[in-house]
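J.: What follows is a single structure, and I will ask about it in a moment.
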Amino acid sequence: MNRLIFRLLTILLLSSICTNILANDSKPALIPYPTSVEWTEGSYSLSNKTRIILTDRSLEEEIKFIKEVILQESGLSLPITSKNKEQSIITILTGGETDSYSLIVNPKNITIEASTKRSILLATQTLRQLIVHKDGEIIIPSVIINDKPEWEWRGMHLDVSRHFYDKNEVMRFLDLIARYKFNKFHWHLTDDQGWRVEIKKYPELTEVSAWREYNKHDLTLLRMAEKEHNTNYLLPEKRLREVNGTKQYGGYYTQEEIQEVVNYATSLGIDVLPEIDMPGHMSGAIASYPELSCFNSTGWGKVFSSPLCPGKDKTLDFCKDILREIFDLFPFEYIHLGADEVEKINWEKCPHCQERIIQEGLANEKELQSWFVKEMENFFIENDRKMVAWDEVTEGSISKTTTMMWWRPWARTALPIAFENGNKVILAPNSTNYFDFKQHANTLQDLYEANLIPSYVDSTKTDLILGVQANIWCEYIPSMEQVEYMAFPRILAFSETAWRKEERKEWNDFYQRMINHFPSLDKLGVNYRPLDLPGVFGVNAFVDNTEIVWNHPLKGIELRYTTDGTIPNNQSSLYTKPIEIDTTTHFMIRMFRPNGSAADIINTIYKKEKYRIGVYPEVSSPGLRCDWHEGIFNRVAEIEQSPIKETYKVEGITIPQGVNGKRGLIYTGYINIPKDEIYTFSLGSDDGSVLYINGETIIDNDGPHSPITIEGQVALAKGFHPIKLAYFDMNNGGFVKLQVFDCKGNEIEAQYITRP
Ligand code: TNX
């Protein structure tokens, strides 16, 4: 183990002793939960009498890893010996299914039976979570664990192009994901905004292309940092350099640093999948080598940046030269070529591209893209590598050997085409698996419960799925602190999707275990997003007066608030007991983690209301009217401007059979309110939706977006209240869901009526 890794581990050690606390049933909380866990009598007492046994020299690295993890969790530096004796930790290689292991703890010893060397690392991560500090003792409860993962590919991705994180930050990230048994790290090294990997043959890629003047995202981030008093949005000073009096922002990894990271990943049981995104997302490189583009310059087309020119032979040589060095740097058999979001406008006008199309007998620019990808893939194959590419590869003809990474849930043909063709697939739909999307919208529970295999795919083909992955794109994530904020605790929830069988996952059970993991995240200094403050909505309604109670589920989270519209800081009023109010009050609440770091700001109104009076229509029939306006809309207000294509009667808010993706739906009728009370409405949709009751906007969830759920409250008197819900989908596979809760938080089944 080299010195740097040792140093890194020591830092983690100092910060991580005494981390585990007991779950409610007084057993440690395991995440991801193993396949089978049988708690048995007693416990093993970890002490300096414990020996780690090394009988098989080939396991030296793994045994050292066990030693390091125990040191991190207990402070004990245990000797490694070759003699089997009592009070020891024994490791046996058994062969068998990849990544499977068993871990048996009894009062005498601890035995790891692992199928492969890597499984020893996985077993050790479980062992880490079992170590408990209790009454001055360090114990491991007796247990028999048999474990194996659901998926062979358990990936986490990080985009280091939009903003750069140095090798130490990346290694810390790797350490964190390894704890939750991820085994693939997808390193998005190049993109329009910066080139991050040293390529010896093309030094300008890092001398020039790794740097930029602040772009529009950067300026937005600086504004956000100021507006929200949030230092995580600041662009780190250490990433600035000055060239001829101009400030430039960026950074890159030398090849030695890349190797260091790859070695560290290997020591944690993680394969590194580098991505060199081409032929699009290349303006970083084109900035240094403009001759590689069609018209010798960087630029943007309608939506995406101008790509490389596949008509020029020198472009192909350039790409292969780069890949050659990448192959040398990264031992993993898979390499990612990107191939997403390619703007083809230049290709249509470029004489080189048009000549290539004629020479190769290609039908059009889409086929030119496929031709380019295949050229590269042949080069991969010559070099014994397998190519991964984004799902856009199914838009042209795709070779049988490509592994497709599915990210666009609205690209409904991608999976069927890939399965039909026999391609392997990795699932990373952005509806749930994009950790750059805001957490309040893409909730943890949605992520935890998401079934990543769409119902429309042929279930006999799913053995082509290699596994699952979550991606962190970093346009708006300038610091590692913000990466951690976006990724935690999502990584914990997602680890169970990657590791456990769907049918064994249960949100409430996970939620409890997750709560028990926060102290260890605290000790590691992870800048996680504290969980939501339950029962606080954008608008909270009350009648007469109310007592506000805020109970954060995590111990040690401080809530400080203001009522004058200013952003709370660590001097603002501290919430210690229920707050009584009798007028409409606007609160800004800020959460502070136990280490004092500031986290989310909750902007919320407690609104004094009178019960809206109900009505009693004379003639009515059960259900709601639902008008389908066919078309593509950007806001719900546009829906009614297009004609009604069909009118339906529905029992509740459901999408009627026969309505296609180009839908604007307007539901109208009355909701039956059983008694005078404050009701909470929860409206989730993909894309936009708005809920009106008695003509007032209750929830505004408008605009084109991936799944977002918003809650709002209103005081309603017994009776029928006019309700209208407008929803649209931009033909990319959406949904709409309305839930109603009474004042105790119990969901009620809404009854609707319509007037003829
Ligand atoms: C789509 S996923 C992209 C990225 C963006 C990301 C933002 C993919 C292949 N392309 O370039 O950063 O969305 O969420």
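Just so we're on the same page: first chain in the structure tokens is A, next is B, and so on; residues restart at 1 for each chain, and ligands are numbered from 1 in the order they show up.
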Contacts between ligand 1 and chain A, please, where a residue of chain A counts if it comes within 7 Å (with only C-alpha atoms and all ligand atoms); show its shortest atom pair and distance in Å to one decimal, rows by chain and ascending number, as CSV.
T.:
residue,atom,partner,partner_atom_place_in_ligand_line,distance
A:Gly338,CA,ligand 1,9 (C),6.8
A:Asp340,CA,ligand 1,9 (C),5.1
A:Glu341,CA,ligand 1,10 (N),6.6
A:Trp390,CA,ligand 1,9 (C),5.7
A:Trp407,CA,ligand 1,2 (S),5.9
A:Tyr434,CA,ligand 1,14 (O),6.4
A:Asp436,CA,ligand 1,14 (O),6.1
A:Phe437,CA,ligand 1,14 (O),6.8
A:Trp473,CA,ligand 1,12 (O),4.6
A:Cys474,CA,ligand 1,12 (O),6.5
A:Glu475,CA,ligand 1,12 (O),6.4
J.: Would you output that residue set with N, CA and C atoms, as a short mmCIF file (atom, residue, chain, number, x, y, z; two decimals), in the first residue's frame?
T.:
data_model
loop_
_atom_site.label_atom_id
_atom_site.label_comp_id
_atom_site.auth_asym_id
_atom_site.auth_seq_id
_atom_site.Cartn_x
_atom_site.Cartn_y
_atom_site.Cartn_z
N GLY A 338 -18.85 7.42 -24.96
CA GLY A 338 -19.82 8.51 -24.99
C GLY A 338 -20.80 8.32 -26.13
N ASP A 340 -23.05 10.39 -27.15
CA ASP A 340 -24.38 10.96 -26.87
C ASP A 340 -24.49 12.35 -27.46
N GLU A 341 -25.71 12.80 -27.61
CA GLU A 341 -26.05 14.19 -27.90
C GLU A 341 -25.14 14.81 -28.96
N TRP A 390 -23.53 5.57 -24.76
CA TRP A 390 -24.87 5.99 -24.32
C TRP A 390 -25.93 5.47 -25.29
N TRP A 407 -29.95 5.95 -20.54
CA TRP A 407 -30.13 7.10 -19.64
C TRP A 407 -31.40 7.88 -19.93
N TYR A 434 -30.16 10.21 -11.73
CA TYR A 434 -29.27 11.35 -11.94
C TYR A 434 -29.20 12.16 -10.65
N ASP A 436 -27.55 14.65 -10.03
CA ASP A 436 -27.44 16.10 -10.20
C ASP A 436 -28.83 16.74 -10.13
N PHE A 437 -29.89 15.94 -10.26
CA PHE A 437 -31.25 16.49 -10.13
C PHE A 437 -31.52 16.77 -8.66
N TRP A 473 -23.78 14.46 -12.80
CA TRP A 473 -23.32 15.45 -13.78
C TRP A 473 -23.12 16.77 -13.05
N CYS A 474 -22.10 17.50 -13.43
CA CYS A 474 -21.68 18.54 -12.49
C CYS A 474 -21.73 19.97 -13.02
N GLU A 475 -22.58 20.25 -13.99
CA GLU A 475 -22.70 21.64 -14.46
C GLU A 475 -22.87 22.60 -13.28
#
J.: Show me, as a list of chain:residue names, the residues that have an atom within 7 Å of A:Pro274 when counting only C-alpha atoms, minus same-chain residues fewer than 5 positions from it.
T.: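 Those residues are A:His186, A:Trp187, A:His188, A:Leu189, A:Ile335, A:His336.
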J.: Would you save the residues from that selection as a PDB file, in the first residue's frame, using N, CA and C atoms?
T.:
ATOM      1  N   HIS A 186     -17.442   5.206 -12.960  1.00  0.00           N
ATOM      2  CA  HIS A 186     -17.476   5.763 -14.312  1.00  0.00           C
ATOM      3  C   HIS A 186     -16.958   7.195 -14.219  1.00  0.00           C
ATOM      4  N   TRP A 187     -15.801   7.410 -14.797  1.00  0.00           N
ATOM      5  CA  TRP A 187     -15.095   8.687 -14.647  1.00  0.00           C
ATOM      6  C   TRP A 187     -15.243   9.466 -15.949  1.00  0.00           C
ATOM      7  N   HIS A 188     -16.119  10.443 -15.932  1.00  0.00           N
ATOM      8  CA  HIS A 188     -16.419  11.239 -17.136  1.00  0.00           C
ATOM      9  C   HIS A 188     -15.332  12.319 -17.267  1.00  0.00           C
ATOM     10  N   LEU A 189     -14.307  12.005 -18.032  1.00  0.00           N
ATOM     11  CA  LEU A 189     -13.067  12.799 -18.006  1.00  0.00           C
ATOM     12  C   LEU A 189     -13.011  13.951 -18.991  1.00  0.00           C
ATOM     13  N   ILE A 335     -14.347   0.410 -21.743  1.00  0.00           N
ATOM     14  CA  ILE A 335     -14.024   1.838 -21.870  1.00  0.00           C
ATOM     15  C   ILE A 335     -15.273   2.502 -22.470  1.00  0.00           C
ATOM     16  N   HIS A 336     -15.597   3.714 -21.999  1.00  0.00           N
ATOM     17  CA  HIS A 336     -16.822   4.395 -22.463  1.00  0.00           C
ATOM     18  C   HIS A 336     -16.486   5.419 -23.551  1.00  0.00           C
TER      19      HIS A 336
END
J.: Hey, what's within 7 Å of stretch 462-471 of chain A if we count only C-alpha atoms and toss same-chain stuff fewer than 5 positions away? As a list in words, please?
T.: Trp151, Glu152, Trp153, Arg154, Gly155, Met156, His157, Leu158, Phe419, Asn423, Lys424, Val425, Ile426, Leu427, Ala428, Asn433, Tyr434, Phe435 and Ala498 of chain A
J.: Excluding A:Glu257 and any residue of its chain fewer than 3 positions from it, enumerate the residues within 12 Å of it, using only C-alpha atoms, and give them as a PyMOL selection string.
T.: chain A and resi 4+166-171+196-198+252-254+260-264+329-330
J.: For stretch 202-207 of chain A, please output as a ChimeraX atom specification all residues within 10 Å (counting only C-alpha atoms; exclusion window: fewer than 3 positions along the same chain).
T.: /A:190,194-199,210-211,250-254,284-289,318,321-322
J.: Just write the chosen residues, N, CA and C atoms, as a PDB file, in the first residue's frame.
T.:
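And here is the file that came out, part-v6.pdb:
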ATOM      1  N   THR A 190     -13.872  13.912 -19.986  1.00  0.00           N
ATOM      2  CA  THR A 190     -13.780  14.970 -21.010  1.00  0.00           C
ATOM      3  C   THR A 190     -15.178  15.443 -21.381  1.00  0.00           C
ATOM      4  N   GLY A 194     -14.199  21.092 -20.383  1.00  0.00           N
ATOM      5  CA  GLY A 194     -12.829  20.898 -19.904  1.00  0.00           C
ATOM      6  C   GLY A 194     -12.315  19.494 -20.151  1.00  0.00           C
ATOM      7  N   TRP A 195     -11.045  19.408 -20.491  1.00  0.00           N
ATOM      8  CA  TRP A 195     -10.384  18.119 -20.734  1.00  0.00           C
ATOM      9  C   TRP A 195      -9.528  17.816 -19.517  1.00  0.00           C
ATOM     10  N   ARG A 196      -9.689  16.654 -18.905  1.00  0.00           N
ATOM     11  CA  ARG A 196      -9.068  16.448 -17.588  1.00  0.00           C
ATOM     12  C   ARG A 196      -7.981  15.395 -17.519  1.00  0.00           C
ATOM     13  N   VAL A 197      -7.661  14.732 -18.647  1.00  0.00           N
ATOM     14  CA  VAL A 197      -6.665  13.659 -18.552  1.00  0.00           C
ATOM     15  C   VAL A 197      -5.479  13.992 -19.447  1.00  0.00           C
ATOM     16  N   GLU A 198      -4.298  13.880 -18.849  1.00  0.00           N
ATOM     17  CA  GLU A 198      -3.087  14.175 -19.621  1.00  0.00           C
ATOM     18  C   GLU A 198      -2.937  13.161 -20.744  1.00  0.00           C
ATOM     19  N   ILE A 199      -2.728  13.656 -21.971  1.00  0.00           N
ATOM     20  CA  ILE A 199      -2.445  12.797 -23.119  1.00  0.00           C
ATOM     21  C   ILE A 199      -1.088  13.258 -23.646  1.00  0.00           C
ATOM     22  N   ALA A 210      -7.874  22.179 -20.572  1.00  0.00           N
ATOM     23  CA  ALA A 210      -8.316  21.902 -19.201  1.00  0.00           C
ATOM     24  C   ALA A 210      -8.730  23.180 -18.485  1.00  0.00           C
ATOM     25  N   TRP A 211      -8.646  24.315 -19.169  1.00  0.00           N
ATOM     26  CA  TRP A 211      -8.875  25.605 -18.521  1.00  0.00           C
ATOM     27  C   TRP A 211      -9.899  26.410 -19.289  1.00  0.00           C
ATOM     28  N   GLY A 250      -9.805  25.739 -13.855  1.00  0.00           N
ATOM     29  CA  GLY A 250      -9.750  24.366 -14.365  1.00  0.00           C
ATOM     30  C   GLY A 250      -8.828  23.464 -13.588  1.00  0.00           C
ATOM     31  N   GLY A 251      -8.278  22.477 -14.297  1.00  0.00           N
ATOM     32  CA  GLY A 251      -7.387  21.508 -13.675  1.00  0.00           C
ATOM     33  C   GLY A 251      -7.419  20.208 -14.451  1.00  0.00           C
ATOM     34  N   TYR A 252      -6.454  19.345 -14.173  1.00  0.00           N
ATOM     35  CA  TYR A 252      -6.408  18.048 -14.871  1.00  0.00           C
ATOM     36  C   TYR A 252      -5.597  17.059 -14.048  1.00  0.00           C
ATOM     37  N   TYR A 253      -5.673  15.794 -14.432  1.00  0.00           N
ATOM     38  CA  TYR A 253      -4.879  14.756 -13.774  1.00  0.00           C
ATOM     39  C   TYR A 253      -3.694  14.413 -14.653  1.00  0.00           C
ATOM     40  N   THR A 254      -2.509  14.315 -14.059  1.00  0.00           N
ATOM     41  CA  THR A 254      -1.374  13.776 -14.818  1.00  0.00           C
ATOM     42  C   THR A 254      -1.606  12.272 -14.958  1.00  0.00           C
ATOM     43  N   GLY A 284     -14.090  21.017 -25.703  1.00  0.00           N
ATOM     44  CA  GLY A 284     -12.866  21.141 -24.906  1.00  0.00           C
ATOM     45  C   GLY A 284     -11.649  20.883 -25.782  1.00  0.00           C
ATOM     46  N   ALA A 285     -11.641  19.743 -26.454  1.00  0.00           N
ATOM     47  CA  ALA A 285     -10.495  19.371 -27.295  1.00  0.00           C
ATOM     48  C   ALA A 285     -10.395  20.260 -28.538  1.00  0.00           C
ATOM     49  N   ILE A 286     -11.557  20.581 -29.110  1.00  0.00           N
ATOM     50  CA  ILE A 286     -11.540  21.377 -30.357  1.00  0.00           C
ATOM     51  C   ILE A 286     -10.947  22.770 -30.101  1.00  0.00           C
ATOM     52  N   ALA A 287     -11.094  23.253 -28.854  1.00  0.00           N
ATOM     53  CA  ALA A 287     -10.511  24.562 -28.531  1.00  0.00           C
ATOM     54  C   ALA A 287      -8.998  24.553 -28.782  1.00  0.00           C
ATOM     55  N   SER A 288      -8.351  23.423 -28.546  1.00  0.00           N
ATOM     56  CA  SER A 288      -6.904  23.339 -28.783  1.00  0.00           C
ATOM     57  C   SER A 288      -6.574  22.889 -30.198  1.00  0.00           C
ATOM     58  N   TYR A 289      -7.421  22.051 -30.743  1.00  0.00           N
ATOM     59  CA  TYR A 289      -7.130  21.486 -32.071  1.00  0.00           C
ATOM     60  C   TYR A 289      -8.325  21.735 -32.986  1.00  0.00           C
ATOM     61  N   PHE A 318      -6.533  11.108 -34.447  1.00  0.00           N
ATOM     62  CA  PHE A 318      -6.476  11.797 -33.147  1.00  0.00           C
ATOM     63  C   PHE A 318      -7.207  10.971 -32.086  1.00  0.00           C
ATOM     64  N   ASP A 321      -5.276   7.839 -31.244  1.00  0.00           N
ATOM     65  CA  ASP A 321      -4.072   8.143 -30.443  1.00  0.00           C
ATOM     66  C   ASP A 321      -4.464   8.324 -28.971  1.00  0.00           C
ATOM     67  N   ILE A 322      -5.543   9.036 -28.771  1.00  0.00           N
ATOM     68  CA  ILE A 322      -5.981   9.272 -27.385  1.00  0.00           C
ATOM     69  C   ILE A 322      -6.377   7.950 -26.742  1.00  0.00           C
TER      70      ILE A 322
END
J.: Any chance you could list, as a PyMOL selection string, the residues in stretch 253-468 of chain A that come up helix (DSSP H, G or I) when DSSP is run on the backbone?
T.: chain A and resi 255-267+283-288+290-292+313-329+345-349+351-359+365-382+391-395+414-421+430-433+444-449+459-464
J.: Taking 3 positions as the minimum chain separation for residues in the same chain, which residues sit within 9 Å of stretch 278-283 of chain A when counting only C-alpha atoms? Answer as number ranges by chain.
T.: A: 190-195, 209, 286-288, 290, 293, 297-299, 304-310, 319, 337-343, 369, 372-373
J.: Between A:Glu547, A:Glu333, A:Glu355, A:Glu237, which residue has the minimum interatomic distance to A:Thr403, considering only C-alpha atoms?
T.: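 Going through A:Glu547, A:Glu333, A:Glu355, A:Glu237 one by one, the smallest distance to A:Thr403 is for A:Glu333.
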J.: Determine, counting only C-alpha atoms, which protein, DNA and RNA residues have an atom within 6 Å of an atom of A:Phe592; residues of the same chain fewer than 5 positions away are not included. Present the result as number ranges by chain.
T.: A: 557-558, 597-599
J.: Limited to N, CA, C and O atoms, could you put the picked residues into a file as a tab-separated table (two decimals), in the first residue's frame?
T.:
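File written: again-v2.tsv
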chain	number	residue	atom	x	y	z
A	557	ILE	N	-29.33	17.48	14.35
A	557	ILE	CA	-29.56	18.52	13.34
A	557	ILE	C	-30.19	19.72	14.04
A	557	ILE	O	-31.21	19.58	14.72
A	558	GLU	N	-29.56	20.87	13.90
A	558	GLU	CA	-30.10	22.10	14.50
A	558	GLU	C	-30.96	22.82	13.49
A	558	GLU	O	-30.61	22.89	12.31
A	597	SER	N	-21.94	22.70	10.06
A	597	SER	CA	-22.03	23.15	8.67
A	597	SER	C	-23.49	23.39	8.29
A	597	SER	O	-24.39	22.65	8.69
A	598	ALA	N	-23.69	24.44	7.50
A	598	ALA	CA	-25.05	24.83	7.13
A	598	ALA	C	-25.52	23.96	5.96
A	598	ALA	O	-24.75	23.67	5.05
A	599	ALA	N	-26.78	23.55	6.03
A	599	ALA	CA	-27.34	22.77	4.92
A	599	ALA	C	-28.57	23.50	4.38
A	599	ALA	O	-28.56	24.72	4.26
J.: Would you mind reading off the distance between atom CA of A:Glu367 and atom CA of A:Ala389, one decimal, in Å?
T.: 15.7 Å
J.: Please identify which residues in stretch 649-736 of chain A DSSP calls strand (DSSP E) from the backbone, and express them as a VMD selection string.
T.: chain A and resid 649 to 650 662 to 673 677 to 686 689 to 693 696 to 701 708 to 716 719 to 730 735 to 736
J.: Which one of A:Lys27, A:Lys148, A:Lys117, A:Lys555 sits closest to A:Thr40 if you count only C-alpha atoms?
T.: A:Lys27
J.: What is the distance, in Å and to one decimal place, between atom CA of A:Leu76 and atom CA of A:Tyr33?
T.: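 One can read the atom CA of A:Leu76 to atom CA of A:Tyr33 distance as 26.0 Å.
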J.: With only C-alpha atoms as the basis for distance, which of A:Ile477, A:Ala637, A:Ile70, A:Val457 is at the shortest distance from A:Gly664?
T.: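 Under the stated criterion, the closest residue is A:Ala637.
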J.: Go through A:Asn731, A:Ser479, A:Ser115, A:Asn672 and flag the residue nearest A:Leu716, using only C-alpha atoms for the distances.
T.: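 Going through A:Asn731, A:Ser479, A:Ser115, A:Asn672 one by one, the smallest distance to A:Leu716 is for A:Asn672.
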J.: Work out how far atom CA of A:Glu747 is from atom CA of A:Val615, in Å to one decimal.
T.: 22.9 Å
